[in-house]
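Note: the block below is final-v2.pdb and it holds PDB, C-alpha atoms.
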MODEL        1
ATOM      1  CA  ILE A  29      62.613 -74.742 -12.462
ATOM      2  CA  ILE A  30      59.699 -75.436 -14.823
ATOM      3  CA  PRO A  31      61.552 -74.674 -18.124
ATOM      4  CA  ALA A  32      64.454 -76.870 -17.001
ATOM      5  CA  LEU A  33      62.104 -79.748 -16.197
ATOM      6  CA  LEU A  34      60.188 -79.363 -19.468
ATOM      7  CA  THR A  35      63.453 -79.721 -21.406
ATOM      8  CA  GLY A  36      64.342 -82.964 -19.635
ATOM      9  CA  ASN A  37      66.726 -81.799 -16.930
ATOM     10  CA  CYS A  38      67.175 -82.599 -13.271
ATOM     11  CA  VAL A  39      67.291 -79.519 -11.050
ATOM     12  CA  VAL A  40      69.247 -78.640  -7.931
ATOM     13  CA  LEU A  41      67.855 -75.497  -6.310
ATOM     14  CA  LYS A  42      70.023 -73.482  -3.969
ATOM     15  CA  ILE A  43      67.411 -71.958  -1.686
ATOM     16  CA  PRO A  44      68.061 -68.425  -0.401
ATOM     17  CA  ALA A  45      69.442 -67.993   3.080
ATOM     18  CA  VAL A  46      66.712 -65.426   3.831
ATOM     19  CA  GLY A  47      63.101 -66.315   3.152
ATOM     20  CA  GLY A  48      63.910 -69.886   2.198
ATOM     21  CA  LEU A  49      61.093 -71.665   4.048
ATOM     22  CA  VAL A  50      58.571 -71.097   1.266
ATOM     23  CA  HIS A  51      60.904 -72.891  -1.147
ATOM     24  CA  LEU A  52      60.779 -75.994   1.031
ATOM     25  CA  LEU A  53      57.030 -76.146   0.357
ATOM     26  CA  THR A  54      57.694 -75.761  -3.373
ATOM     27  CA  ILE A  55      60.289 -78.540  -3.371
ATOM     28  CA  SER A  56      57.967 -80.788  -1.353
ATOM     29  CA  ALA A  57      55.224 -80.294  -3.945
ATOM     30  CA  PHE A  58      57.587 -81.170  -6.799
ATOM     31  CA  GLN A  59      58.986 -84.199  -5.004
ATOM     32  CA  SER A  60      55.495 -85.545  -4.360
ATOM     33  CA  VAL A  61      54.809 -85.928  -8.102
ATOM     34  CA  LEU A  62      58.256 -86.391  -9.695
ATOM     35  CA  PRO A  63      60.677 -89.336  -9.557
ATOM     36  CA  PRO A  64      63.324 -89.212  -6.794
ATOM     37  CA  GLY A  65      66.272 -86.966  -7.599
ATOM     38  CA  VAL A  66      64.589 -84.966 -10.365
ATOM     39  CA  VAL A  67      64.233 -81.925  -8.110
ATOM     40  CA  THR A  68      66.298 -81.440  -4.986
ATOM     41  CA  PHE A  69      67.803 -78.550  -3.060
ATOM     42  CA  VAL A  70      70.774 -77.409  -1.059
ATOM     43  CA  SER A  71      70.728 -74.827   1.708
ATOM     44  CA  GLY A  72      73.372 -72.616   3.232
ATOM     45  CA  GLY A  73      75.426 -69.618   2.248
ATOM     46  CA  GLY A  74      75.975 -69.109  -1.456
ATOM     47  CA  ARG A  75      79.765 -68.924  -1.186
ATOM     48  CA  ALA A  76      79.854 -72.218   0.705
ATOM     49  CA  THR A  77      77.465 -74.182  -1.512
ATOM     50  CA  CYS A  78      77.569 -72.965  -5.118
ATOM     51  CA  PRO A  79      81.315 -72.990  -5.965
ATOM     52  CA  PRO A  80      81.841 -76.629  -4.885
ATOM     53  CA  ALA A  81      78.906 -77.697  -7.055
ATOM     54  CA  MET A  82      80.283 -75.819 -10.065
ATOM     55  CA  GLU A  83      83.784 -77.194  -9.535
ATOM     56  CA  THR A  84      82.506 -80.747 -10.065
ATOM     57  CA  GLY A  85      81.868 -79.951 -13.724
ATOM     58  CA  LEU A  86      78.587 -81.865 -13.520
ATOM     59  CA  VAL A  87      76.425 -78.747 -13.827
ATOM     60  CA  ASP A  88      75.250 -78.290 -17.428
ATOM     61  CA  GLY A  89      73.202 -75.150 -16.909
ATOM     62  CA  LEU A  90      73.283 -72.268 -14.440
ATOM     63  CA  ALA A  91      70.268 -70.077 -13.730
ATOM     64  CA  PHE A  92      71.437 -67.259 -11.491
ATOM     65  CA  ILE A  93      69.942 -64.088 -10.026
ATOM     66  CA  GLY A  94      72.365 -61.786  -8.234
ATOM     67  CA  SER A  95      75.438 -59.681  -8.838
ATOM     68  CA  SER A  96      77.557 -59.805 -11.982
ATOM     69  CA  SER A  97      80.714 -60.409  -9.944
ATOM     70  CA  ALA A  98      79.185 -63.477  -8.264
ATOM     71  CA  ALA A  99      77.967 -64.832 -11.604
ATOM     72  CA  ASP A 100      81.397 -64.346 -13.201
ATOM     73  CA  SER A 101      83.057 -66.136 -10.301
ATOM     74  CA  LEU A 102      80.699 -69.117 -10.532
ATOM     75  CA  ILE A 103      81.147 -69.428 -14.284
ATOM     76  CA  ARG A 104      84.938 -69.337 -13.948
ATOM     77  CA  SER A 105      84.832 -72.047 -11.273
ATOM     78  CA  HIS A 106      83.262 -74.548 -13.688
ATOM     79  CA  LYS A 107      85.678 -77.082 -15.165
ATOM     80  CA  GLU A 108      84.383 -76.436 -18.685
ATOM     81  CA  PRO A 109      82.866 -72.940 -18.666
ATOM     82  CA  HIS A 110      82.692 -72.883 -22.479
ATOM     83  CA  ARG A 111      79.976 -75.564 -22.459
ATOM     84  CA  LEU A 112      78.030 -74.167 -19.504
ATOM     85  CA  LYS A 113      74.626 -72.785 -20.489
ATOM     86  CA  VAL A 114      73.881 -69.643 -18.479
ATOM     87  CA  PHE A 115      70.644 -67.789 -17.823
ATOM     88  CA  SER A 116      71.270 -64.811 -15.572
ATOM     89  CA  GLN A 117      69.415 -61.774 -14.275
ATOM     90  CA  LEU A 118      72.017 -59.466 -12.821
ATOM     91  CA  GLU A 119      71.624 -56.195 -10.915
ATOM     92  CA  ALA A 120      68.390 -55.337 -12.667
ATOM     93  CA  LYS A 121      67.426 -51.679 -12.794
ATOM     94  CA  ASN A 122      63.814 -52.180 -13.831
ATOM     95  CA  MET A 123      61.987 -49.000 -14.721
ATOM     96  CA  ALA A 124      58.461 -47.685 -15.149
ATOM     97  CA  VAL A 125      57.864 -45.097 -17.868
ATOM     98  CA  PHE A 126      54.931 -42.703 -17.540
ATOM     99  CA  LEU A 127      54.091 -41.566 -21.074
ATOM    100  CA  PRO A 128      53.129 -37.893 -21.495
ATOM    101  CA  ASP A 129      49.463 -38.548 -22.310
ATOM    102  CA  VAL A 130      49.063 -40.667 -19.150
ATOM    103  CA  ALA A 131      51.133 -38.441 -16.874
ATOM    104  CA  ALA A 132      49.193 -35.330 -17.901
ATOM    105  CA  GLU A 133      45.811 -36.892 -17.139
ATOM    106  CA  ASP A 134      43.933 -35.122 -14.359
ATOM    107  CA  GLY A 135      41.963 -37.423 -12.106
ATOM    108  CA  GLY A 136      41.310 -40.126 -14.686
ATOM    109  CA  GLY A 137      41.290 -43.833 -14.135
ATOM    110  CA  THR A 138      44.259 -44.506 -16.424
ATOM    111  CA  LEU A 139      46.675 -42.453 -14.337
ATOM    112  CA  ASP A 140      45.309 -43.877 -11.087
ATOM    113  CA  SER A 141      45.844 -47.382 -12.437
ATOM    114  CA  ALA A 142      49.354 -46.523 -13.659
ATOM    115  CA  VAL A 143      50.380 -45.064 -10.283
ATOM    116  CA  SER A 144      48.913 -48.017  -8.380
ATOM    117  CA  SER A 145      50.664 -50.499 -10.670
ATOM    118  CA  ALA A 146      53.987 -48.661 -10.413
ATOM    119  CA  VAL A 147      53.901 -48.531  -6.609
ATOM    120  CA  GLY A 148      52.917 -52.197  -6.443
ATOM    121  CA  GLY A 149      55.696 -53.046  -8.871
ATOM    122  CA  ALA A 150      58.213 -51.236  -6.702
ATOM    123  CA  LEU A 151      57.133 -52.217  -3.200
ATOM    124  CA  SER A 152      55.378 -55.586  -3.290
ATOM    125  CA  TYR A 153      57.420 -58.102  -1.307
ATOM    126  CA  ASN A 154      59.084 -55.005   0.203
ATOM    127  CA  GLY A 155      60.836 -54.591  -3.134
ATOM    128  CA  GLN A 156      62.950 -57.649  -2.299
ATOM    129  CA  ARG A 157      62.622 -59.331  -5.686
ATOM    130  CA  CYS A 158      64.588 -59.159  -8.905
ATOM    131  CA  THR A 159      61.634 -57.806 -10.877
ATOM    132  CA  ALA A 160      60.954 -54.866  -8.540
ATOM    133  CA  LEU A 161      60.810 -51.435 -10.173
ATOM    134  CA  LYS A 162      63.786 -49.262  -9.249
ATOM    135  CA  LEU A 163      63.244 -46.167 -11.385
ATOM    136  CA  PHE A 164      60.268 -44.085 -12.504
ATOM    137  CA  PHE A 165      60.683 -41.981 -15.648
ATOM    138  CA  VAL A 166      58.212 -39.108 -15.638
ATOM    139  CA  PRO A 167      57.764 -36.101 -17.973
ATOM    140  CA  HIS A 168      59.296 -33.074 -16.262
ATOM    141  CA  SER A 169      56.107 -31.049 -16.652
ATOM    142  CA  SER A 170      54.162 -33.629 -14.634
ATOM    143  CA  SER A 171      56.839 -34.554 -12.084
ATOM    144  CA  SER A 172      55.490 -32.562  -9.124
ATOM    145  CA  ALA A 173      51.909 -33.773  -9.515
ATOM    146  CA  LEU A 174      52.994 -37.365 -10.025
ATOM    147  CA  LYS A 175      55.273 -37.208  -7.020
ATOM    148  CA  GLU A 176      52.294 -36.275  -4.880
ATOM    149  CA  ARG A 177      50.175 -39.063  -6.377
ATOM    150  CA  VAL A 178      52.879 -41.674  -5.758
ATOM    151  CA  MET A 179      53.487 -40.397  -2.212
ATOM    152  CA  LYS A 180      49.765 -40.640  -1.421
ATOM    153  CA  GLU A 181      49.622 -44.187  -2.802
ATOM    154  CA  VAL A 182      52.588 -45.253  -0.674
ATOM    155  CA  GLN A 183      51.183 -43.660   2.478
ATOM    156  CA  GLU A 184      47.961 -45.667   2.057
ATOM    157  CA  LEU A 185      49.758 -49.026   2.023
ATOM    158  CA  ARG A 186      49.025 -51.242   5.014
ATOM    159  CA  VAL A 187      52.084 -51.574   7.277
ATOM    160  CA  GLY A 188      52.585 -54.395   9.773
ATOM    161  CA  MET A 189      53.463 -58.033  10.261
ATOM    162  CA  PRO A 190      52.408 -60.294   7.352
ATOM    163  CA  TRP A 191      49.645 -62.030   9.322
ATOM    164  CA  GLU A 192      48.092 -58.934  10.903
ATOM    165  CA  ASN A 193      44.365 -58.544  10.120
ATOM    166  CA  MET A 194      44.254 -61.877   8.277
ATOM    167  CA  GLU A 195      43.067 -63.789  11.344
ATOM    168  CA  ASP A 196      39.927 -61.641  11.274
ATOM    169  CA  GLY A 197      39.480 -62.084   7.538
ATOM    170  CA  GLY A 198      40.985 -58.706   6.711
ATOM    171  CA  PRO A 199      43.530 -57.903   3.992
ATOM    172  CA  PRO A 200      47.200 -58.700   4.697
ATOM    173  CA  SER A 201      49.854 -56.084   5.357
ATOM    174  CA  GLN A 202      51.543 -54.695   2.254
ATOM    175  CA  ILE A 203      54.733 -53.341   3.840
ATOM    176  CA  THR A 204      56.299 -55.744   6.324
ATOM    177  CA  PRO A 205      59.548 -55.727   8.318
ATOM    178  CA  LEU A 206      62.813 -56.392   6.528
ATOM    179  CA  PRO A 207      64.065 -59.946   7.227
ATOM    180  CA  ASN A 208      67.194 -59.197   9.240
ATOM    181  CA  ARG A 209      69.403 -56.437  10.650
ATOM    182  CA  LYS A 210      71.805 -56.648   7.702
ATOM    183  CA  ARG A 211      69.007 -55.693   5.319
ATOM    184  CA  VAL A 212      67.968 -52.797   7.541
ATOM    185  CA  GLU A 213      71.530 -51.487   7.600
ATOM    186  CA  TYR A 214      71.835 -51.895   3.841
ATOM    187  CA  MET A 215      68.603 -49.970   3.298
ATOM    188  CA  GLN A 216      69.900 -47.138   5.472
ATOM    189  CA  GLU A 217      73.129 -47.078   3.466
ATOM    190  CA  LEU A 218      71.126 -46.694   0.257
ATOM    191  CA  ILE A 219      69.088 -43.840   1.749
ATOM    192  CA  ASP A 220      72.211 -42.071   2.988
ATOM    193  CA  ASP A 221      73.897 -42.507  -0.385
ATOM    194  CA  ALA A 222      70.883 -41.121  -2.240
ATOM    195  CA  ARG A 223      70.695 -38.119   0.059
ATOM    196  CA  SER A 224      74.405 -37.418  -0.389
ATOM    197  CA  LYS A 225      73.759 -37.195  -4.135
ATOM    198  CA  GLY A 226      70.892 -34.747  -3.818
ATOM    199  CA  ALA A 227      67.875 -37.030  -3.435
ATOM    200  CA  GLU A 228      64.896 -35.770  -1.444
ATOM    201  CA  ILE A 229      62.750 -37.950   0.809
ATOM    202  CA  VAL A 230      59.071 -37.028   0.595
ATOM    203  CA  GLY A 231      56.228 -38.106   2.807
ATOM    204  CA  GLY A 232      58.180 -38.777   5.993
ATOM    205  CA  GLU A 233      61.420 -40.287   7.270
TER     206      GLU A 233
ENDMDL
END

What would the structure in this file look like if it were written as structure tokens?
Amino acid sequence: IIPALLTGNCVVLKIPAVGGLVHLLTISAFQSVLPPGVVTFVSGGGRATCPPAMETGLVDGLAFIGSSSAADSLIRSHKEPHRLKVFSQLEAKNMAVFLPDVAAEDGGGTLDSAVSSAVGGALSYNGQRCTALKLFFVPHSSSSALKERVMKEVQELRVGMPWENMEDGGPPSQITPLPNRKRVEYMQELIDDARSKGAEIVGGE
């Protein structure tokens, strides 16, 4: 939103169907300081809201995070796709790389910091963000030790509802429930697929 505004554009934000309430607060903040119509939003399913907007031909730029097939479909639905400016982040497979000198460290602060950062990068917001880490690349000679370090870090994360402990001034939960049954089923499908291809689950089920 900010880069678009800085370059003199009006913005229409399609808020996500899941977890969209926080965006209403963001839009309210923008609307309180900007002229009417500079920032607005639409809600609803992506298939029902985005194609009709693109078909008007009035959209000059598309910023999209999602699948490549959905992005291709939206671009094709524009009346003049050749003039549409597109910024897209599609199906990111973000990775963390443990360099040999860090991975081989025994009990030092650098490795502890790297493991903590990697786990946070993978699991903050339950991993439900486009920048979440999906893959860890580790030197083979250090893989077993690092696996144990990562497993220990994950097991120490606080699990619960987002507001638990906060009422008493404590730290918030770090792993919270998935937002709906569809996401739970999808997560199970990913686990089953990984297992079918030889993946091992460590630290519990």

Self-check item: Among the residues A:Leu151, A:Ala81, A:Leu49, A:Leu206, the one that comes closest to Gln183 in chain A [using only C-alpha atoms]
Solution: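 The answer is A:Leu151, which sits nearest to Gln183 in chain A.
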
- Query: What residues come out when you apply the PyMOL selection byres ((chain A and resi 160-172) around 7) to this file, written as a list in words?
  - Reply: Lys121, Asn122, Met123, Ala124, Val125, Phe126, Pro128, Ala131, Ala132, Gly149, Ala150, Gly155, Arg157, Cys158, Thr159, Ala173, Leu174, Lys175 and Glu176 of chain A

Go ahead and dump the residues you just picked, C-alpha atoms, as a PDB file, keeping the file's coordinate frame.
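Written out: result_16.pdb:
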ATOM      1  CA  LYS A 121      67.426 -51.679 -12.794  1.00  0.00           C
ATOM      2  CA  ASN A 122      63.814 -52.180 -13.831  1.00  0.00           C
ATOM      3  CA  MET A 123      61.987 -49.000 -14.721  1.00  0.00           C
ATOM      4  CA  ALA A 124      58.461 -47.685 -15.149  1.00  0.00           C
ATOM      5  CA  VAL A 125      57.864 -45.097 -17.868  1.00  0.00           C
ATOM      6  CA  PHE A 126      54.931 -42.703 -17.540  1.00  0.00           C
ATOM      7  CA  PRO A 128      53.129 -37.893 -21.495  1.00  0.00           C
ATOM      8  CA  ALA A 131      51.133 -38.441 -16.874  1.00  0.00           C
ATOM      9  CA  ALA A 132      49.193 -35.330 -17.901  1.00  0.00           C
ATOM     10  CA  GLY A 149      55.696 -53.046  -8.871  1.00  0.00           C
ATOM     11  CA  ALA A 150      58.213 -51.236  -6.702  1.00  0.00           C
ATOM     12  CA  GLY A 155      60.836 -54.591  -3.134  1.00  0.00           C
ATOM     13  CA  ARG A 157      62.622 -59.331  -5.686  1.00  0.00           C
ATOM     14  CA  CYS A 158      64.588 -59.159  -8.905  1.00  0.00           C
ATOM     15  CA  THR A 159      61.634 -57.806 -10.877  1.00  0.00           C
ATOM     16  CA  ALA A 173      51.909 -33.773  -9.515  1.00  0.00           C
ATOM     17  CA  LEU A 174      52.994 -37.365 -10.025  1.00  0.00           C
ATOM     18  CA  LYS A 175      55.273 -37.208  -7.020  1.00  0.00           C
ATOM     19  CA  GLU A 176      52.294 -36.275  -4.880  1.00  0.00           C
TER      20      GLU A 176
END

Within 10 Å of Thr84 in chain A using all atoms listed in the file, minus same-chain residues under 2 positions, as a PyMOL selection string = chain A and resi 79-82+86-87+105-108

Please indicate the distance in Å from CA of Leu53 in chain A to CA of Gly65 in chain A, rounded to one decimal place.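 CA of Leu53 in chain A sits 16.3 Å away from CA of Gly65 in chain A.
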
Excluding range 44-48 of chain A and its own-chain neighbours fewer than 3 positions away, which residues fall within 7 Å of it when counting only C-alpha atoms? Please give them as a VMD selection string. chain A and resid 51 to 52 72 to 73 207

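Note that CA of Asp100 in chain A and CA of Thr35 in chain A are 25.0 Å apart.
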
### Task
Using the chain letters and numbers from the file, give me the residues hit by the PyMOL selection byres ((chain A and resi 114) around 12), as a list in words.
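This file gives the following for the PyMOL selection byres ((chain A and resi 114) around 12): Ala32, Val87, Asp88, Gly89, Leu90, Ala91, Phe92, Ile93, Ala99, Asp100, Leu102, Ile103, Arg104, His106, Pro109, His110, Arg111, Leu112, Lys113, Phe115, Ser116, Gln117 and Leu118 of chain A.
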
Two-atom distance - CA of Glu119 in chain A, CA of Gly226 in chain A (Å) |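 The value is 22.6 Å.
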
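Shortest atom-to-atom contact with Thr204 in chain A among A:Val147, A:Leu218, A:Arg177, A:Tyr153: A:Tyr153, counting only C-alpha atoms.
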
Shortest contact to Glu181 in chain A, candidates A:Ala98, A:Ala76, A:Val130, A:Ala146, atoms counted all atoms listed in the file, goes to A:Ala146
